[in-house]
Amino acid sequence: MSELIELTAAEAAAKVRAREIDAAELFEAYRARAAADELNAFTWVATEAPPADPESPLAGVPLAVKDLFCTEGVPSQAGSKILEGYRPPYTATVVANATRAGATLLAKTNQDEFAMGSSNENSAFGPVLNPWDRGRVPGGSSGGSAAAVAAGLTPWAFGTDTGGSIRQPAALCGIVGIKPTYGACSRWGMIAFASSLDQAGPFTRNVTDGALLLSHMVGHDPRDSTSVAMPEPISAPTAEDLKGIRLGVPEELLGGGDNGMGIEAGVRENFEATLKLAESLGATVDTCHLPHAPHALSAYYLIAPAEASANLARYDGVRYGLRVGGDTDLNTMYSRTRAEGFGPEVKRRIMLGTYALSSGYYDAYYGTALKVRTKISEDFRTVFGEFDFVVTPTSPWTAFELGAKTADPLAMYLNDFCTVPMSLAGIPGISIPSGLSDGLPVGFQLAGPAFSESRMIDAAYALEQAIGFDTSAARA
Amino acid sequence: MSLERAQVLHVAKLAKLELNDAEVEKMGVELSAVLEHVDRIRELDLGAVEPTSHAVDVAGVMRADEPQPCLDRDVILAAAPEPVDGAFGVPSPGPSEE
């Protein structure tokens, strides 16, 4: 059975197609591991294998999906008490895309509530533990998906990334995570946090699996008017080197500083070593400038909560989910339902967002943040005139201890300063494991222009092969 | 930018969130700290800049205004806390607020 677990998703699919292994046996191998999980990575696990089609592209390979993706008849709770037990009457487009290609639904994964968090400590269903060190966080908000892939409880998983919620947990768990271009994946059926930022994406053990899964997620969806057809299909990566690739290191993010946006020494060391490796593969590495990047976090923590305050207004006890005070009056029912159903971080962000949008403050806060977003997008466009990819450490530090950053919301927000600029600009980013620092995984991020997924994935692949990171350590 | 109790209560009312006294106080402190950090963007000179609400430009995405099939009423009401006569039952509004 353990040999089945050691196969990558692509290898497993090929073996199922060749009738060398049985899809039901593969599913059961993972299902048993998921059911015995001690990391609290799951909110629901299948009790039996669905039928599989060995001829299909994904050949019945099991897939775990973040709790916030609507999956018909299966609990979809976005990590929140306000949706506890909710079973949607429909399935999210990206999940349907994957199952149509042959993936089988293994489990729903635990997450920070409504995708708000960077440590998976904000879930109503308890924190998720990092398989590399169970006293530490896996990152968030897609902590369950990341931990599950890293621990070999699922071959691959879906997450969502709004300000870094795929890339950062991928980095902290030593696996690959991709946030595609905004619009590449349909958001229909994805329980919304911030509509102009949310994107679905894959967590995988390696870049090849990432490309494979992503290629079966993307596509224009008439039910999501922000979804866009990829100009070219996402191809399997083949690059053997980085000759001719120009990598830009943004000085404003890497310069260190007294505003809390510093990079841990071990992470910086690994980043520099990875850059040297890239150069040995033929890449050129130079400083680039994203002048407004230091303000990205501020803009993000105005735009995202503002959009969240609108998106979460629907949780009012009327149509679905928790209801409290149904025997009082309407307004009291709304307020009490929301007070009891939402966790502290969600309440904080709803309050922040409501304030930023309220009369007298809209222009100063939300309006200004949208202008900062314009400048950040412009900064990236300018940089991509001279560079192929922007590179940064994905996370400023390795996995921190449970409880270490929960006392100060701002300290938690600082996890995201290398990932939010890409989110605001809508451009794709990938995190690959680039080594260990004091025994904990470090992630390396590449970001490219909008719709450059194939080229970005190809470059990441070449680097991945040269790094030779061993993901099996966390699967023990 | 420090939030006063009255402001926190006003925003909580807009957000339809019931907060107890301890929560109101804590929220004021926490939000003030975040606002102090994000306030720095107001120092930037952004006068002539156009705001961006949607980073990746798309056009012509509206579909024809034709009715499409939608979910069955019974399916939707199956998740409702209090279905009443094919509708969502809710308590009456209380006395109107000041």
# chains A, B, ... in the order shown; residues from 1 in each chain; ligands from 1
>>> closest_atom_pairs(of="chain B", to="region 173-186 of chain A", cutoff="12 Å", atoms="only C-alpha atoms", output="CSV")
residue,atom,partner,partner_atom,distance
B:His54,CA,A:Tyr182,CA,9.1
B:Ala55,CA,A:Tyr182,CA,7.7
B:Val56,CA,A:Tyr182,CA,6.7
B:Asp57,CA,A:Gly183,CA,9.8
B:Val58,CA,A:Gly183,CA,9.5
>>> write_last_selection(atoms="C-alpha atoms", output="CSV table (one decimal), in the first residue's frame")
chain,number,residue,atom,x,y,z
B,54,HIS,CA,-10.8,44.5,-11.4
B,55,ALA,CA,-7.2,43.8,-12.2
B,56,VAL,CA,-7.5,41.8,-15.4
B,57,ASP,CA,-9.4,43.6,-18.1
B,58,VAL,CA,-12.4,41.9,-19.6
>>> closest_atom_pairs(of="chain B", to="chain A", cutoff="9 Å", atoms="only C-alpha atoms", output="tab-separated table")
residue	atom	partner	partner_atom	distance
B:Gln7	CA	A:Tyr355	CA	8.9
B:Val8	CA	A:Met351	CA	8.2
B:Val11	CA	A:Tyr355	CA	6.0
B:Ala12	CA	A:Met351	CA	6.6
B:Lys13	CA	A:Ser335	CA	8.3
B:Leu14	CA	A:Thr354	CA	7.2
B:Ala15	CA	A:Thr354	CA	6.4
B:Lys16	CA	A:Ser335	CA	4.7
B:Leu17	CA	A:Ser335	CA	4.5
B:Glu18	CA	A:Ser335	CA	4.9
B:Leu19	CA	A:Ala339	CA	6.9
B:Met27	CA	A:Arg348	CA	6.9
B:Glu30	CA	A:Pro409	CA	7.3
B:Leu31	CA	A:Leu352	CA	6.7
B:Ala33	CA	A:Leu410	CA	7.5
B:Val34	CA	A:Leu410	CA	6.2
B:Leu35	CA	A:Leu352	CA	8.3
B:His37	CA	A:Ser298	CA	6.9
B:Val38	CA	A:Ser298	CA	4.3
B:Asp39	CA	A:Ser298	CA	7.6
B:Arg40	CA	A:Ser298	CA	7.7
B:Ile41	CA	A:His295	CA	6.4
B:Arg42	CA	A:Thr368	CA	6.9
B:Leu44	CA	A:Val372	CA	8.5
B:Leu46	CA	A:Lys371	CA	6.7
B:Gly47	CA	A:Lys371	CA	8.9
B:Val49	CA	A:Lys371	CA	5.9
B:Glu50	CA	A:Lys371	CA	5.9
B:Pro51	CA	A:Lys371	CA	4.2
B:Thr52	CA	A:Leu370	CA	5.1
B:Ser53	CA	A:Leu370	CA	6.2
B:His54	CA	A:Ser196	CA	5.9
B:Ala55	CA	A:Gly426	CA	5.4
B:Val56	CA	A:Gly426	CA	6.3
B:Val58	CA	A:Thr226	CA	7.4
B:Val61	CA	A:Ser225	CA	5.8
B:Met62	CA	A:Ser225	CA	7.1
B:Arg63	CA	A:Pro222	CA	7.8
B:Leu71	CA	A:Pro89	CA	8.2
B:Val75	CA	A:Pro89	CA	6.8
B:Ile76	CA	A:Pro89	CA	7.4
B:Leu77	CA	A:Arg319	CA	7.6
B:Ala78	CA	A:Tyr320	CA	8.8
B:Ala79	CA	A:Tyr320	CA	5.2
B:Ala80	CA	A:Tyr320	CA	4.7
B:Pro81	CA	A:Tyr320	CA	6.1
B:Glu82	CA	A:Val318	CA	8.0
B:Pro83	CA	A:Arg319	CA	8.6
B:Phe88	CA	A:Arg319	CA	6.3
B:Gly89	CA	A:Val318	CA	7.5
B:Val90	CA	A:Val318	CA	6.6
B:Pro91	CA	A:Asp329	CA	5.2
B:Ser92	CA	A:Asp329	CA	5.4
B:Pro93	CA	A:Leu330	CA	4.6
B:Gly94	CA	A:Asp329	CA	5.0
B:Pro95	CA	A:Asp329	CA	8.7
>>> residues_around(residues="Val390 (chain A)", least_positions_apart="2", cutoff="7 Å", atoms="only C-alpha atoms", output="number ranges by chain")
A: 247-249, 392, 446-448
>>> atom_distance(atom1="CA of Asn20 (chain B)", atom2="CA of Leu68 (chain A)")
28.9 Å
>>> residues_around(residues="region 262-278 of chain A", least_positions_apart="2", cutoff="9 Å", atoms="only C-alpha atoms", output="number ranges by chain")
A: 241-242, 247, 253-260, 280-285, 391-393, 395-398, 434-438, 442-444, 462-463, 466-467
>>> write_last_selection(atoms="C-alpha atoms", output="short mmCIF file (atom, residue, chain, number, x, y, z; two decimals), in the first residue's frame")
data_model
loop_
_atom_site.label_atom_id
_atom_site.label_comp_id
_atom_site.auth_asym_id
_atom_site.auth_seq_id
_atom_site.Cartn_x
_atom_site.Cartn_y
_atom_site.Cartn_z
CA ASP A 241 17.60 24.92 -17.72
CA LEU A 242 16.85 28.60 -17.31
CA LEU A 247 14.69 36.96 -12.85
CA LEU A 253 10.27 43.63 -0.59
CA LEU A 254 13.68 42.17 0.09
CA GLY A 255 15.37 45.22 1.51
CA GLY A 256 14.34 44.38 5.05
CA GLY A 257 13.00 47.10 7.25
CA ASP A 258 11.68 48.47 10.43
CA ASN A 259 8.04 48.21 9.43
CA GLY A 260 7.91 44.52 10.29
CA SER A 280 24.00 28.16 -12.65
CA LEU A 281 21.06 27.04 -14.78
CA GLY A 282 21.57 30.02 -17.09
CA ALA A 283 19.23 32.61 -15.59
CA THR A 284 20.23 36.21 -15.03
CA VAL A 285 19.30 37.63 -11.64
CA VAL A 391 11.13 36.13 -7.52
CA THR A 392 10.82 36.34 -3.74
CA PRO A 393 10.79 34.03 -0.75
CA SER A 395 6.92 33.48 3.19
CA PRO A 396 9.15 35.76 5.28
CA TRP A 397 9.66 32.97 7.80
CA THR A 398 9.29 29.22 8.20
CA SER A 434 13.56 25.29 -2.10
CA GLY A 435 15.13 23.69 0.96
CA LEU A 436 15.03 23.54 4.73
CA SER A 437 15.96 26.05 7.40
CA ASP A 438 16.42 24.48 10.85
CA VAL A 442 11.29 27.15 2.81
CA GLY A 443 9.35 28.21 -0.30
CA PHE A 444 10.59 30.10 -3.36
CA ALA A 462 13.71 23.52 -14.15
CA LEU A 463 14.53 24.99 -10.76
CA ALA A 466 17.93 21.26 -9.77
CA ILE A 467 16.90 21.79 -6.12
#
>>> select_by_dssp(residues="region 25-90 of chain B", states="strand (DSSP E)", output="list in words")
Pro83, Val84, Ala87 and Phe88 of chain B
>>> write_last_selection(atoms="N, CA and C atoms", output="compact mmCIF listing (two decimals), in the first residue's frame")
# COMPACT_ATOMS: atom_id res chain seq x y z
N PRO B 83 -38.69 27.08 6.62
CA PRO B 83 -39.50 27.28 5.41
C PRO B 83 -40.97 27.47 5.81
N VAL B 84 -41.65 28.43 5.20
CA VAL B 84 -43.06 28.69 5.50
C VAL B 84 -43.78 28.91 4.17
N ALA B 87 -41.73 29.70 1.22
CA ALA B 87 -40.89 30.90 1.33
C ALA B 87 -40.00 30.75 2.56
N PHE B 88 -39.11 31.71 2.76
CA PHE B 88 -38.22 31.69 3.92
C PHE B 88 -38.94 32.37 5.08
>>> select_by_dssp(residues="region 279-337 of chain A", states="alpha helix (DSSP H)", output="PDB file with N, CA and C atoms, in the first residue's frame")
ATOM      1  N   GLU A 279      21.117  30.932 -11.402  1.00  0.00           N
ATOM      2  CA  GLU A 279      22.182  31.461 -12.275  1.00  0.00           C
ATOM      3  C   GLU A 279      22.980  30.332 -12.896  1.00  0.00           C
ATOM      4  N   SER A 280      23.230  29.285 -12.106  1.00  0.00           N
ATOM      5  CA  SER A 280      24.004  28.159 -12.649  1.00  0.00           C
ATOM      6  C   SER A 280      23.220  27.444 -13.742  1.00  0.00           C
ATOM      7  N   ALA A 296       1.355  47.436  -0.505  1.00  0.00           N
ATOM      8  CA  ALA A 296       0.418  46.414  -0.962  1.00  0.00           C
ATOM      9  C   ALA A 296      -0.360  45.811   0.200  1.00  0.00           C
ATOM     10  N   LEU A 297       0.332  45.569   1.294  1.00  0.00           N
ATOM     11  CA  LEU A 297      -0.342  44.960   2.444  1.00  0.00           C
ATOM     12  C   LEU A 297      -1.459  45.856   2.953  1.00  0.00           C
ATOM     13  N   SER A 298      -1.200  47.149   3.042  1.00  0.00           N
ATOM     14  CA  SER A 298      -2.215  48.093   3.506  1.00  0.00           C
ATOM     15  C   SER A 298      -3.401  48.130   2.554  1.00  0.00           C
ATOM     16  N   ALA A 299      -3.112  48.186   1.276  1.00  0.00           N
ATOM     17  CA  ALA A 299      -4.194  48.212   0.292  1.00  0.00           C
ATOM     18  C   ALA A 299      -5.014  46.931   0.376  1.00  0.00           C
ATOM     19  N   TYR A 300      -4.308  45.811   0.516  1.00  0.00           N
ATOM     20  CA  TYR A 300      -4.989  44.512   0.602  1.00  0.00           C
ATOM     21  C   TYR A 300      -5.887  44.439   1.832  1.00  0.00           C
ATOM     22  N   TYR A 301      -5.384  44.909   2.970  1.00  0.00           N
ATOM     23  CA  TYR A 301      -6.171  44.829   4.203  1.00  0.00           C
ATOM     24  C   TYR A 301      -7.217  45.932   4.313  1.00  0.00           C
ATOM     25  N   LEU A 302      -7.432  46.621   3.205  1.00  0.00           N
ATOM     26  CA  LEU A 302      -8.610  47.470   3.068  1.00  0.00           C
ATOM     27  C   LEU A 302      -9.547  46.881   2.021  1.00  0.00           C
ATOM     28  N   ILE A 303      -8.994  46.475   0.871  1.00  0.00           N
ATOM     29  CA  ILE A 303      -9.823  45.956  -0.211  1.00  0.00           C
ATOM     30  C   ILE A 303     -10.468  44.626   0.170  1.00  0.00           C
ATOM     31  N   ALA A 304      -9.660  43.683   0.673  1.00  0.00           N
ATOM     32  CA  ALA A 304     -10.199  42.349   0.973  1.00  0.00           C
ATOM     33  C   ALA A 304     -11.276  42.398   2.055  1.00  0.00           C
ATOM     34  N   PRO A 305     -11.039  43.047   3.193  1.00  0.00           N
ATOM     35  CA  PRO A 305     -12.120  43.127   4.186  1.00  0.00           C
ATOM     36  C   PRO A 305     -13.352  43.861   3.667  1.00  0.00           C
ATOM     37  N   ALA A 306     -13.134  44.897   2.834  1.00  0.00           N
ATOM     38  CA  ALA A 306     -14.286  45.625   2.288  1.00  0.00           C
ATOM     39  C   ALA A 306     -15.149  44.675   1.454  1.00  0.00           C
ATOM     40  N   GLU A 307     -14.507  43.923   0.577  1.00  0.00           N
ATOM     41  CA  GLU A 307     -15.268  42.983  -0.245  1.00  0.00           C
ATOM     42  C   GLU A 307     -15.880  41.887   0.612  1.00  0.00           C
ATOM     43  N   ALA A 308     -15.156  41.469   1.631  1.00  0.00           N
ATOM     44  CA  ALA A 308     -15.675  40.436   2.534  1.00  0.00           C
ATOM     45  C   ALA A 308     -16.911  40.930   3.267  1.00  0.00           C
ATOM     46  N   SER A 309     -16.907  42.187   3.675  1.00  0.00           N
ATOM     47  CA  SER A 309     -18.060  42.690   4.426  1.00  0.00           C
ATOM     48  C   SER A 309     -19.309  42.618   3.555  1.00  0.00           C
ATOM     49  N   ALA A 310     -19.152  42.797   2.255  1.00  0.00           N
ATOM     50  CA  ALA A 310     -20.293  42.664   1.347  1.00  0.00           C
ATOM     51  C   ALA A 310     -20.633  41.190   1.115  1.00  0.00           C
ATOM     52  N   ASN A 311     -19.628  40.369   0.878  1.00  0.00           N
ATOM     53  CA  ASN A 311     -19.878  38.960   0.590  1.00  0.00           C
ATOM     54  C   ASN A 311     -20.453  38.200   1.775  1.00  0.00           C
ATOM     55  N   LEU A 330     -36.381  40.554  13.572  1.00  0.00           N
ATOM     56  CA  LEU A 330     -35.507  40.316  12.432  1.00  0.00           C
ATOM     57  C   LEU A 330     -34.078  40.816  12.666  1.00  0.00           C
ATOM     58  N   ASN A 331     -33.966  42.065  13.080  1.00  0.00           N
ATOM     59  CA  ASN A 331     -32.642  42.658  13.273  1.00  0.00           C
ATOM     60  C   ASN A 331     -31.835  41.942  14.349  1.00  0.00           C
ATOM     61  N   THR A 332     -32.523  41.573  15.417  1.00  0.00           N
ATOM     62  CA  THR A 332     -31.836  40.856  16.498  1.00  0.00           C
ATOM     63  C   THR A 332     -31.387  39.489  16.006  1.00  0.00           C
ATOM     64  N   MET A 333     -32.235  38.865  15.185  1.00  0.00           N
ATOM     65  CA  MET A 333     -31.865  37.569  14.625  1.00  0.00           C
ATOM     66  C   MET A 333     -30.599  37.710  13.785  1.00  0.00           C
ATOM     67  N   TYR A 334     -30.583  38.734  12.932  1.00  0.00           N
ATOM     68  CA  TYR A 334     -29.390  38.951  12.100  1.00  0.00           C
ATOM     69  C   TYR A 334     -28.157  39.082  12.987  1.00  0.00           C
ATOM     70  N   SER A 335     -28.227  40.014  13.919  1.00  0.00           N
ATOM     71  CA  SER A 335     -27.041  40.358  14.728  1.00  0.00           C
ATOM     72  C   SER A 335     -26.584  39.226  15.624  1.00  0.00           C
ATOM     73  N   ARG A 336     -27.532  38.488  16.177  1.00  0.00           N
ATOM     74  CA  ARG A 336     -27.131  37.390  17.066  1.00  0.00           C
ATOM     75  C   ARG A 336     -26.620  36.191  16.306  1.00  0.00           C
ATOM     76  N   THR A 337     -27.248  35.930  15.151  1.00  0.00           N
ATOM     77  CA  THR A 337     -26.783  34.826  14.311  1.00  0.00           C
ATOM     78  C   THR A 337     -25.330  35.066  13.915  1.00  0.00           C
TER      79      THR A 337
END
>>> atom_distance(atom1="CA of Val24 (chain B)", atom2="CA of Ala124 (chain A)")
21.3 Å
>>> residues_around(residues="Ala148 (chain A)", least_positions_apart="2", cutoff="9 Å", atoms="only C-alpha atoms", output="list in words")
Ala34, Asp37, Leu39, Ala41, Phe42, Ala64, Thr109, Pro131, Gly143, Gly144, Ser145, Ala146, Ala150, Ala151, Gly152, Leu153, Thr154, Pro155, Trp156 and Ala157 of chain A
>>> atom_distance(atom1="CA of Ile82 (chain A)", atom2="CA of Thr47 (chain A)")
24.9 Å
>>> closest_residue(among="A:Asn206, A:Gln168, A:Thr71, A:Ser142", to="Phe114 (chain A)", atoms="only C-alpha atoms")
A:Ser142
>>> residues_around(residues="Val45 (chain A)", least_positions_apart="3", cutoff="12 Å", atoms="only C-alpha atoms", output="PDB file with C-alpha atoms, in the first residue's frame")
ATOM      1  CA  PHE A  27      -8.596   5.524  -3.493  1.00  0.00           C
ATOM      2  CA  GLU A  28      -8.882   3.179  -0.511  1.00  0.00           C
ATOM      3  CA  TYR A  30      -5.594   7.273   0.590  1.00  0.00           C
ATOM      4  CA  ARG A  31      -9.030   7.112   2.172  1.00  0.00           C
ATOM      5  CA  ALA A  32      -7.713   4.941   5.007  1.00  0.00           C
ATOM      6  CA  ARG A  33      -4.870   7.371   5.648  1.00  0.00           C
ATOM      7  CA  ALA A  34      -7.198  10.362   5.547  1.00  0.00           C
ATOM      8  CA  ALA A  35      -9.644   8.708   7.951  1.00  0.00           C
ATOM      9  CA  ALA A  36      -6.776   8.111  10.399  1.00  0.00           C
ATOM     10  CA  ASP A  37      -5.471  11.685  10.146  1.00  0.00           C
ATOM     11  CA  ASN A  40      -7.005  17.751  11.781  1.00  0.00           C
ATOM     12  CA  ALA A  41      -6.588  18.383   8.059  1.00  0.00           C
ATOM     13  CA  PHE A  42     -10.110  17.290   7.099  1.00  0.00           C
ATOM     14  CA  GLU A  48     -16.298   4.690   0.010  1.00  0.00           C
ATOM     15  CA  ALA A  49     -14.663   5.036  -3.402  1.00  0.00           C
ATOM     16  CA  PRO A  62      -8.393  10.925  -5.526  1.00  0.00           C
ATOM     17  CA  LEU A  63      -8.592  14.677  -4.867  1.00  0.00           C
ATOM     18  CA  ALA A  64      -9.107  16.587  -1.621  1.00  0.00           C
ATOM     19  CA  VAL A  65     -10.923  19.894  -1.875  1.00  0.00           C
ATOM     20  CA  LYS A  66     -10.910  22.885   0.480  1.00  0.00           C
ATOM     21  CA  ASP A  67     -14.069  23.138   2.626  1.00  0.00           C
ATOM     22  CA  VAL A  74     -21.253  17.044   0.957  1.00  0.00           C
ATOM     23  CA  PRO A  75     -20.601  19.454   3.858  1.00  0.00           C
ATOM     24  CA  THR A 104     -12.599  11.353  -7.473  1.00  0.00           C
ATOM     25  CA  LEU A 105     -13.615  13.368  -4.376  1.00  0.00           C
ATOM     26  CA  LEU A 106     -11.683  12.021  -1.397  1.00  0.00           C
ATOM     27  CA  ALA A 107     -12.258  14.639   1.269  1.00  0.00           C
ATOM     28  CA  LYS A 108     -12.966  18.262   2.215  1.00  0.00           C
ATOM     29  CA  THR A 109     -10.103  19.996   3.913  1.00  0.00           C
ATOM     30  CA  ASN A 110      -9.994  22.214   6.975  1.00  0.00           C
ATOM     31  CA  ALA A 148      -2.837  16.736   3.689  1.00  0.00           C
ATOM     32  CA  LEU A 153      -3.034  11.836   2.996  1.00  0.00           C
ATOM     33  CA  THR A 154      -4.110  12.861  -0.516  1.00  0.00           C
TER      34      THR A 154
END
>>> residues_around(residues="Val95 (chain A)", least_positions_apart="3", cutoff="8 Å", atoms="only C-alpha atoms", output="ChimeraX atom specification")
/A:65,69,71,91-92,98-99,217
>>> write_last_selection(atoms="C-alpha atoms", output="tab-separated table (two decimals), in the first residue's frame")
chain	number	residue	atom	x	y	z
A	65	VAL	CA	-10.92	19.89	-1.88
A	69	PHE	CA	-15.81	24.71	-2.49
A	71	THR	CA	-19.71	20.02	-3.35
A	91	THR	CA	-20.98	21.69	-7.13
A	92	ALA	CA	-18.36	24.36	-7.83
A	98	ALA	CA	-11.74	17.99	-12.26
A	99	THR	CA	-14.27	15.21	-11.67
A	217	MET	CA	-9.32	23.38	-13.43
